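**Student:** Pasting a structure here, questions to come.
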Amino acid sequence: RGKRAFIAGIADDNGYGWAIAKSLAAAGAEILVGTWVPALNIFETSLRRGKFDESRVLPDGSLMEITKVYPLDAVYDTPEDVPEDVKSNKRYAGSSKWTVKEVAESVKEDFGSIDILVHSLANGPEVSKPLLETSRYGYLAAISASSYSYVSLLQHFAPIMNPGGASISLTYIASERIIPGYGGGMSSAKAALESDTQVLAFEAGRKHGIRVNTISAGPLRSRAAKAIGFIDMMIDYSLENAPLQKELSAEEVGNAAAFLASPLASAITGAVVYVDNGLNAMGVGV
Ligand code: NAD
């Protein structure tokens, strides 16, 4: 039987989540997607109208099929956690069962189990503010959406993951080196995500026999990255300074994720894997 993957954090065809879905689909996996509730409508409409058809093309010429799109807001674990103003918000009221626990239950009901869990989402409302000027609210919101969301996803999905399964998240070098401009507590959130990758690898490995890794990806002009505002500078910097002087394609990250999710990586867990043209290894720019 082919593997089944749930990828949280796809709302268009520009980000890492989409590229990971494609690489997994190319390797034969069935694709389930979790899409942020406020972005769901436009994503499903675009998908239906064929707006993504060109980018759905797989290496063998066929089109990637997405078996099901689930609405998801990874900031809420159960319906009891959702505040009234969000519940009654027009964009949320139109969908149902989008808290993490409910999505895991729906996937279990629909398919029984999954093999691969991908977390490709982040959000930091104050990302453009320096850490020194970040509010408590902004900092905790960044951690909630970008780090705890992963703990919660794995907590709820691990019980329906088949042994030998694998889980992958996306991180950024700003967790361990100073990247001015990646503010609002997002650097802190990525540091937490990387540390949690180790602890979760231990706990989920022992309890469920699944692997937990994170990919530290180089810069990509995704929707989220454009919102931060410095992405072109980061891409230029990498082109100039990385060992491999080429623009990083989302597909390269997708392929690394497919490898990490596959039996080829059966002894790799708790790892931060750099997919960044080697930029992380440089001490100074040249
Ligand atoms: P993206 O915009 O394609 O993906 C981010 C997704 O997160 C969006 O689809 C958004 O709708 C979703 N999202 C935000 N809040 C959510 C919530 N509460 N619940 C559910 N979904 C939510 O951008 P991307 O850059 O591909 O980001 C994917 C991952 O890659 C993120 O973890 C990001 O930090 C990481 N990353 C990106 C870069 C880069 O340069 N683009 C570099 C390293 C790491």
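Going by the structure tokens order, chains are called A, B, ..., each with residues numbered from 1, while ligands are numbered from 1 in the order shown.
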Can I get the residues close to ligand 1 as a ChimeraX atom specification, where close means within 8 Å and we count only C-alpha atoms and all ligand atoms?
**Tutor:** /A:8-18,34-39,72-76,119-123,145-146,149,169-173,190,215-226,231
**Student:** Neighbouring residues of range 209-212 of chain A were defined as those with any atom within 6 Å, considering only C-alpha atoms; residues of the same chain fewer than 2 positions away were excluded. Please report them as a PyMOL selection string.
**Tutor:** chain A and resi 163-167+201+204-206+269-270
**Student:** Name the residues in contact with Gln245 in chain A at a cut-off of 12 Å, using only C-alpha atoms, excluding same-chain residues fewer than 2 positions from it; report them as a ChimeraX atom specification.
**Tutor:** /A:235-243,247-248,276-279,286
**Student:** Please save C-alpha atoms of the selected residues as a PDB file, in the first residue's frame.
**Tutor:**
```pdb
ATOM      1  CA  ILE A 235      17.958  35.392  -1.378  1.00  0.00           C
ATOM      2  CA  ASP A 236      20.614  37.780  -2.735  1.00  0.00           C
ATOM      3  CA  TYR A 237      22.765  37.238   0.363  1.00  0.00           C
ATOM      4  CA  SER A 238      22.608  33.475  -0.083  1.00  0.00           C
ATOM      5  CA  LEU A 239      23.409  33.715  -3.791  1.00  0.00           C
ATOM      6  CA  GLU A 240      26.454  35.784  -2.957  1.00  0.00           C
ATOM      7  CA  ASN A 241      27.743  33.883   0.077  1.00  0.00           C
ATOM      8  CA  ALA A 242      26.604  30.246   0.066  1.00  0.00           C
ATOM      9  CA  PRO A 243      28.923  27.437  -1.083  1.00  0.00           C
ATOM     10  CA  GLU A 247      18.743  30.104  -6.098  1.00  0.00           C
ATOM     11  CA  LEU A 248      17.153  27.511  -3.815  1.00  0.00           C
ATOM     12  CA  ASP A 276      20.058  25.797   2.183  1.00  0.00           C
ATOM     13  CA  ASN A 277      22.808  25.470  -0.448  1.00  0.00           C
ATOM     14  CA  GLY A 278      25.218  25.149   2.506  1.00  0.00           C
ATOM     15  CA  LEU A 279      24.864  28.732   3.727  1.00  0.00           C
ATOM     16  CA  VAL A 286      32.957  36.190   0.882  1.00  0.00           C
TER      17      VAL A 286
END
```
**Student:** What's around Asn255 in chain A at 9 Å? Count only C-alpha atoms, leave out sequence neighbours fewer than 6 positions away in its own chain, and write the answer as a list in words.
**Tutor:** Ala19, Ile20, Lys22, Ser23 and Leu24 of chain A
**Student:** Output all heavy atoms for every residue in the selection just made, as an mmCIF file, in the first residue's frame.
**Tutor:**
```cif
data_model
loop_
_atom_site.group_PDB
_atom_site.id
_atom_site.type_symbol
_atom_site.label_atom_id
_atom_site.label_comp_id
_atom_site.auth_asym_id
_atom_site.auth_seq_id
_atom_site.Cartn_x
_atom_site.Cartn_y
_atom_site.Cartn_z
ATOM 1 N N ALA A 19 5.401 22.246 -2.246
ATOM 2 C CA ALA A 19 6.523 21.530 -2.864
ATOM 3 C C ALA A 19 6.738 20.169 -2.199
ATOM 4 O O ALA A 19 7.047 19.178 -2.875
ATOM 5 C CB ALA A 19 7.797 22.374 -2.770
ATOM 6 N N ILE A 20 6.546 20.126 -0.885
ATOM 7 C CA ILE A 20 6.688 18.853 -0.170
ATOM 8 C C ILE A 20 5.576 17.899 -0.600
ATOM 9 O O ILE A 20 5.817 16.710 -0.860
ATOM 10 C CB ILE A 20 6.677 19.084 1.360
ATOM 11 C CG1 ILE A 20 7.954 19.832 1.773
ATOM 12 C CG2 ILE A 20 6.552 17.759 2.123
ATOM 13 C CD1 ILE A 20 7.952 20.338 3.220
ATOM 14 N N LYS A 22 4.129 17.829 -3.436
ATOM 15 C CA LYS A 22 4.448 17.329 -4.778
ATOM 16 C C LYS A 22 5.502 16.225 -4.752
ATOM 17 O O LYS A 22 5.368 15.206 -5.437
ATOM 18 C CB LYS A 22 4.932 18.484 -5.662
ATOM 19 C CG LYS A 22 3.797 19.260 -6.297
ATOM 20 C CD LYS A 22 4.305 20.349 -7.202
ATOM 21 C CE LYS A 22 4.833 19.814 -8.521
ATOM 22 N NZ LYS A 22 5.222 20.932 -9.414
ATOM 23 N N SER A 23 6.547 16.429 -3.975
ATOM 24 C CA SER A 23 7.599 15.410 -3.910
ATOM 25 C C SER A 23 7.069 14.111 -3.313
ATOM 26 O O SER A 23 7.427 13.021 -3.765
ATOM 27 C CB SER A 23 8.793 15.907 -3.088
ATOM 28 O OG SER A 23 9.419 16.985 -3.747
ATOM 29 N N LEU A 24 6.207 14.249 -2.298
ATOM 30 C CA LEU A 24 5.620 13.041 -1.701
ATOM 31 C C LEU A 24 4.678 12.368 -2.693
ATOM 32 O O LEU A 24 4.668 11.134 -2.822
ATOM 33 C CB LEU A 24 4.866 13.397 -0.409
ATOM 34 C CG LEU A 24 5.740 13.835 0.783
ATOM 35 C CD1 LEU A 24 4.864 14.328 1.935
ATOM 36 C CD2 LEU A 24 6.647 12.699 1.258
#
```
**Student:** If you measure from CA of Gly50 in chain A to CA of Val33 in chain A, what distance in Å do you get, rounded to one decimal?
**Tutor:** 17.1 Å
**Student:** Please give the complete set of residues from range 231-281 of chain A that DSSP, run on the backbone, assigns to alpha helix (DSSP H), formatted as a ChimeraX atom specification.
**Tutor:** /A:231-241,250-261
**Student:** Quick one: write out the picked residues with N, CA, C and O atoms as a short mmCIF file (atom, residue, chain, number, x, y, z; two decimals), in the first residue's frame?
**Tutor:**
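Saved as result.cif:
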```cif
data_model
loop_
_atom_site.label_atom_id
_atom_site.label_comp_id
_atom_site.auth_asym_id
_atom_site.auth_seq_id
_atom_site.Cartn_x
_atom_site.Cartn_y
_atom_site.Cartn_z
N ILE A 231 12.84 39.19 2.21
CA ILE A 231 13.15 37.93 1.55
C ILE A 231 14.09 38.11 0.35
O ILE A 231 15.00 37.30 0.14
N ASP A 232 13.89 39.18 -0.43
CA ASP A 232 14.77 39.37 -1.60
C ASP A 232 16.22 39.58 -1.16
O ASP A 232 17.15 39.06 -1.77
N MET A 233 16.39 40.32 -0.07
CA MET A 233 17.73 40.54 0.47
C MET A 233 18.36 39.21 0.91
O MET A 233 19.54 38.96 0.69
N MET A 234 17.57 38.36 1.54
CA MET A 234 18.07 37.07 2.02
C MET A 234 18.46 36.15 0.85
O MET A 234 19.45 35.44 0.93
N ILE A 235 17.66 36.21 -0.20
CA ILE A 235 17.96 35.39 -1.38
C ILE A 235 19.25 35.89 -2.04
O ILE A 235 20.14 35.10 -2.38
N ASP A 236 19.38 37.20 -2.17
CA ASP A 236 20.61 37.78 -2.73
C ASP A 236 21.82 37.43 -1.87
O ASP A 236 22.89 37.08 -2.38
N TYR A 237 21.66 37.52 -0.55
CA TYR A 237 22.77 37.24 0.36
C TYR A 237 23.24 35.80 0.19
O TYR A 237 24.44 35.52 0.14
N SER A 238 22.27 34.88 0.08
CA SER A 238 22.61 33.47 -0.08
C SER A 238 23.32 33.24 -1.41
O SER A 238 24.33 32.52 -1.48
N LEU A 239 22.79 33.86 -2.46
CA LEU A 239 23.41 33.71 -3.79
C LEU A 239 24.87 34.15 -3.76
O LEU A 239 25.74 33.53 -4.37
N GLU A 240 25.12 35.21 -3.02
CA GLU A 240 26.45 35.78 -2.96
C GLU A 240 27.40 34.97 -2.09
O GLU A 240 28.56 34.79 -2.41
N ASN A 241 26.86 34.43 -0.96
CA ASN A 241 27.74 33.88 0.08
C ASN A 241 27.73 32.38 0.27
O ASN A 241 28.63 31.83 0.90
N ALA A 250 11.97 25.46 -4.16
CA ALA A 250 11.12 24.79 -3.17
C ALA A 250 11.20 23.28 -3.37
O ALA A 250 11.12 22.50 -2.42
N GLU A 251 11.37 22.87 -4.63
CA GLU A 251 11.43 21.45 -4.95
C GLU A 251 12.60 20.75 -4.24
O GLU A 251 12.50 19.58 -3.85
N GLU A 252 13.71 21.47 -4.07
CA GLU A 252 14.86 20.86 -3.39
C GLU A 252 14.54 20.55 -1.93
O GLU A 252 14.99 19.54 -1.38
N VAL A 253 13.75 21.42 -1.32
CA VAL A 253 13.30 21.17 0.05
C VAL A 253 12.26 20.04 0.04
O VAL A 253 12.28 19.15 0.90
N GLY A 254 11.37 20.05 -0.95
CA GLY A 254 10.39 18.98 -1.09
C GLY A 254 11.05 17.62 -1.21
O GLY A 254 10.64 16.65 -0.55
N ASN A 255 12.10 17.55 -2.02
CA ASN A 255 12.78 16.26 -2.22
C ASN A 255 13.48 15.79 -0.94
O ASN A 255 13.48 14.59 -0.64
N ALA A 256 14.07 16.73 -0.20
CA ALA A 256 14.71 16.36 1.07
C ALA A 256 13.67 15.84 2.05
O ALA A 256 13.91 14.88 2.79
N ALA A 257 12.49 16.47 2.04
CA ALA A 257 11.41 16.02 2.92
C ALA A 257 10.96 14.61 2.53
O ALA A 257 10.70 13.77 3.39
N ALA A 258 10.86 14.36 1.23
CA ALA A 258 10.45 13.02 0.76
C ALA A 258 11.48 11.98 1.19
O ALA A 258 11.11 10.87 1.61
N PHE A 259 12.74 12.34 1.12
CA PHE A 259 13.79 11.42 1.60
C PHE A 259 13.63 11.15 3.10
O PHE A 259 13.61 9.99 3.53
N LEU A 260 13.48 12.23 3.89
CA LEU A 260 13.36 12.07 5.34
C LEU A 260 12.13 11.27 5.73
O LEU A 260 12.12 10.59 6.76
N ALA A 261 11.08 11.36 4.92
CA ALA A 261 9.85 10.63 5.22
C ALA A 261 9.91 9.18 4.77
O ALA A 261 9.06 8.38 5.12
#
```
**Student:** Apply DSSP to the backbone of this structure and, from range 55-269 of chain A, keep only the residues in strand (DSSP E or B); write these as a PyMOL selection string.
**Tutor:** chain A and resi 57+63+66-72+114-119+161-171+211-217
**Student:** Find the residue from A:Glu126, A:Glu65, A:Glu203, A:Glu54 that sits nearest to Ala26 in chain A; use only C-alpha atoms when measuring.
**Tutor:**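 Between A:Glu126, A:Glu65, A:Glu203, A:Glu54, the residue approaching Ala26 in chain A most closely is A:Glu65.
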**Student:** Rounded to one decimal place, report the CA of Ala5 in chain A-CA of Asp81 in chain A distance in Å.
**Tutor:**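 Atom-to-atom, CA of Ala5 in chain A and CA of Asp81 in chain A are spaced 26.4 Å apart.
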**Student:** Taking into account only C-alpha atoms, which residue in the set A:Lys101, A:Lys87, A:Lys207, A:Arg177 is nearest to Leu153 in chain A?
**Tutor:** A:Lys101
**Student:** I want to know what sits within 12 Å of His156 in chain A, based on only C-alpha atoms, with residues of the same chain fewer than 4 positions away left out; could you give that as a ChimeraX atom specification?
**Tutor:** /A:74,77-78,99-108,113-114,117,149-152,160-161,204
**Student:** Keeping N, CA, C and O atoms for every residue in the selection just given, could you write it to a file as a compact mmCIF listing (two decimals), in the first residue's frame?
**Tutor:**
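As a result, out.txt now contains:
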```
# COMPACT_ATOMS: atom_id res chain seq x y z
N ALA A 74 -4.26 25.82 13.59
CA ALA A 74 -3.37 25.11 14.50
C ALA A 74 -3.09 25.88 15.79
O ALA A 74 -2.29 25.45 16.61
N ASP A 77 -6.60 23.89 19.94
CA ASP A 77 -6.50 22.43 20.06
C ASP A 77 -7.87 21.75 20.10
O ASP A 77 -8.03 20.68 19.55
N THR A 78 -8.81 22.39 20.79
CA THR A 78 -10.16 21.82 20.92
C THR A 78 -11.18 22.94 20.76
O THR A 78 -10.83 24.12 20.92
N THR A 99 -10.30 22.61 14.66
CA THR A 99 -9.25 22.61 15.69
C THR A 99 -8.40 21.34 15.51
O THR A 99 -8.84 20.38 14.88
N VAL A 100 -7.20 21.36 16.06
CA VAL A 100 -6.26 20.27 15.81
C VAL A 100 -6.85 18.91 16.17
O VAL A 100 -6.77 17.96 15.39
N LYS A 101 -7.47 18.85 17.34
CA LYS A 101 -8.04 17.57 17.79
C LYS A 101 -9.11 17.07 16.83
O LYS A 101 -9.15 15.89 16.46
N GLU A 102 -9.97 17.99 16.40
CA GLU A 102 -11.06 17.60 15.50
C GLU A 102 -10.55 17.18 14.13
O GLU A 102 -11.09 16.26 13.51
N VAL A 103 -9.51 17.85 13.64
CA VAL A 103 -8.97 17.48 12.33
C VAL A 103 -8.38 16.07 12.40
O VAL A 103 -8.62 15.24 11.51
N ALA A 104 -7.64 15.79 13.48
CA ALA A 104 -7.08 14.44 13.63
C ALA A 104 -8.20 13.40 13.69
O ALA A 104 -8.09 12.33 13.08
N GLU A 105 -9.28 13.74 14.39
CA GLU A 105 -10.42 12.81 14.47
C GLU A 105 -11.06 12.60 13.09
O GLU A 105 -11.41 11.48 12.72
N SER A 106 -11.20 13.69 12.34
CA SER A 106 -11.79 13.58 10.99
C SER A 106 -10.92 12.71 10.08
O SER A 106 -11.44 11.88 9.33
N VAL A 107 -9.61 12.92 10.16
CA VAL A 107 -8.70 12.13 9.32
C VAL A 107 -8.80 10.66 9.70
O VAL A 107 -8.85 9.78 8.84
N LYS A 108 -8.88 10.40 11.01
CA LYS A 108 -9.02 9.02 11.47
C LYS A 108 -10.32 8.40 10.94
O LYS A 108 -10.33 7.27 10.46
N SER A 113 -5.67 5.91 9.22
CA SER A 113 -4.31 6.19 9.68
C SER A 113 -3.54 7.00 8.64
O SER A 113 -3.98 7.12 7.49
N ILE A 114 -2.41 7.55 9.07
CA ILE A 114 -1.47 8.20 8.13
C ILE A 114 -0.07 7.66 8.40
O ILE A 114 0.18 7.00 9.41
N LEU A 117 3.50 13.01 8.61
CA LEU A 117 2.91 14.27 9.07
C LEU A 117 3.88 15.40 8.77
O LEU A 117 5.05 15.34 9.14
N SER A 149 2.04 24.69 17.91
CA SER A 149 1.19 24.07 16.89
C SER A 149 1.76 22.72 16.46
O SER A 149 1.01 21.80 16.13
N TYR A 150 3.06 22.59 16.48
CA TYR A 150 3.69 21.33 16.08
C TYR A 150 3.54 20.27 17.18
O TYR A 150 3.23 19.11 16.90
N VAL A 151 3.76 20.70 18.43
CA VAL A 151 3.57 19.77 19.56
C VAL A 151 2.14 19.24 19.51
O VAL A 151 1.89 18.03 19.63
N SER A 152 1.20 20.15 19.29
CA SER A 152 -0.21 19.77 19.28
C SER A 152 -0.53 18.83 18.12
O SER A 152 -1.21 17.81 18.30
N ILE A 160 -2.56 8.05 15.41
CA ILE A 160 -3.08 7.44 14.17
C ILE A 160 -1.99 7.28 13.13
O ILE A 160 -2.26 7.05 11.95
N MET A 161 -0.71 7.41 13.57
CA MET A 161 0.40 7.20 12.62
C MET A 161 0.89 5.76 12.70
O MET A 161 1.07 5.21 13.80
N ALA A 204 8.14 10.34 20.83
CA ALA A 204 7.31 9.69 19.80
C ALA A 204 8.00 8.45 19.25
O ALA A 204 7.34 7.51 18.80
```
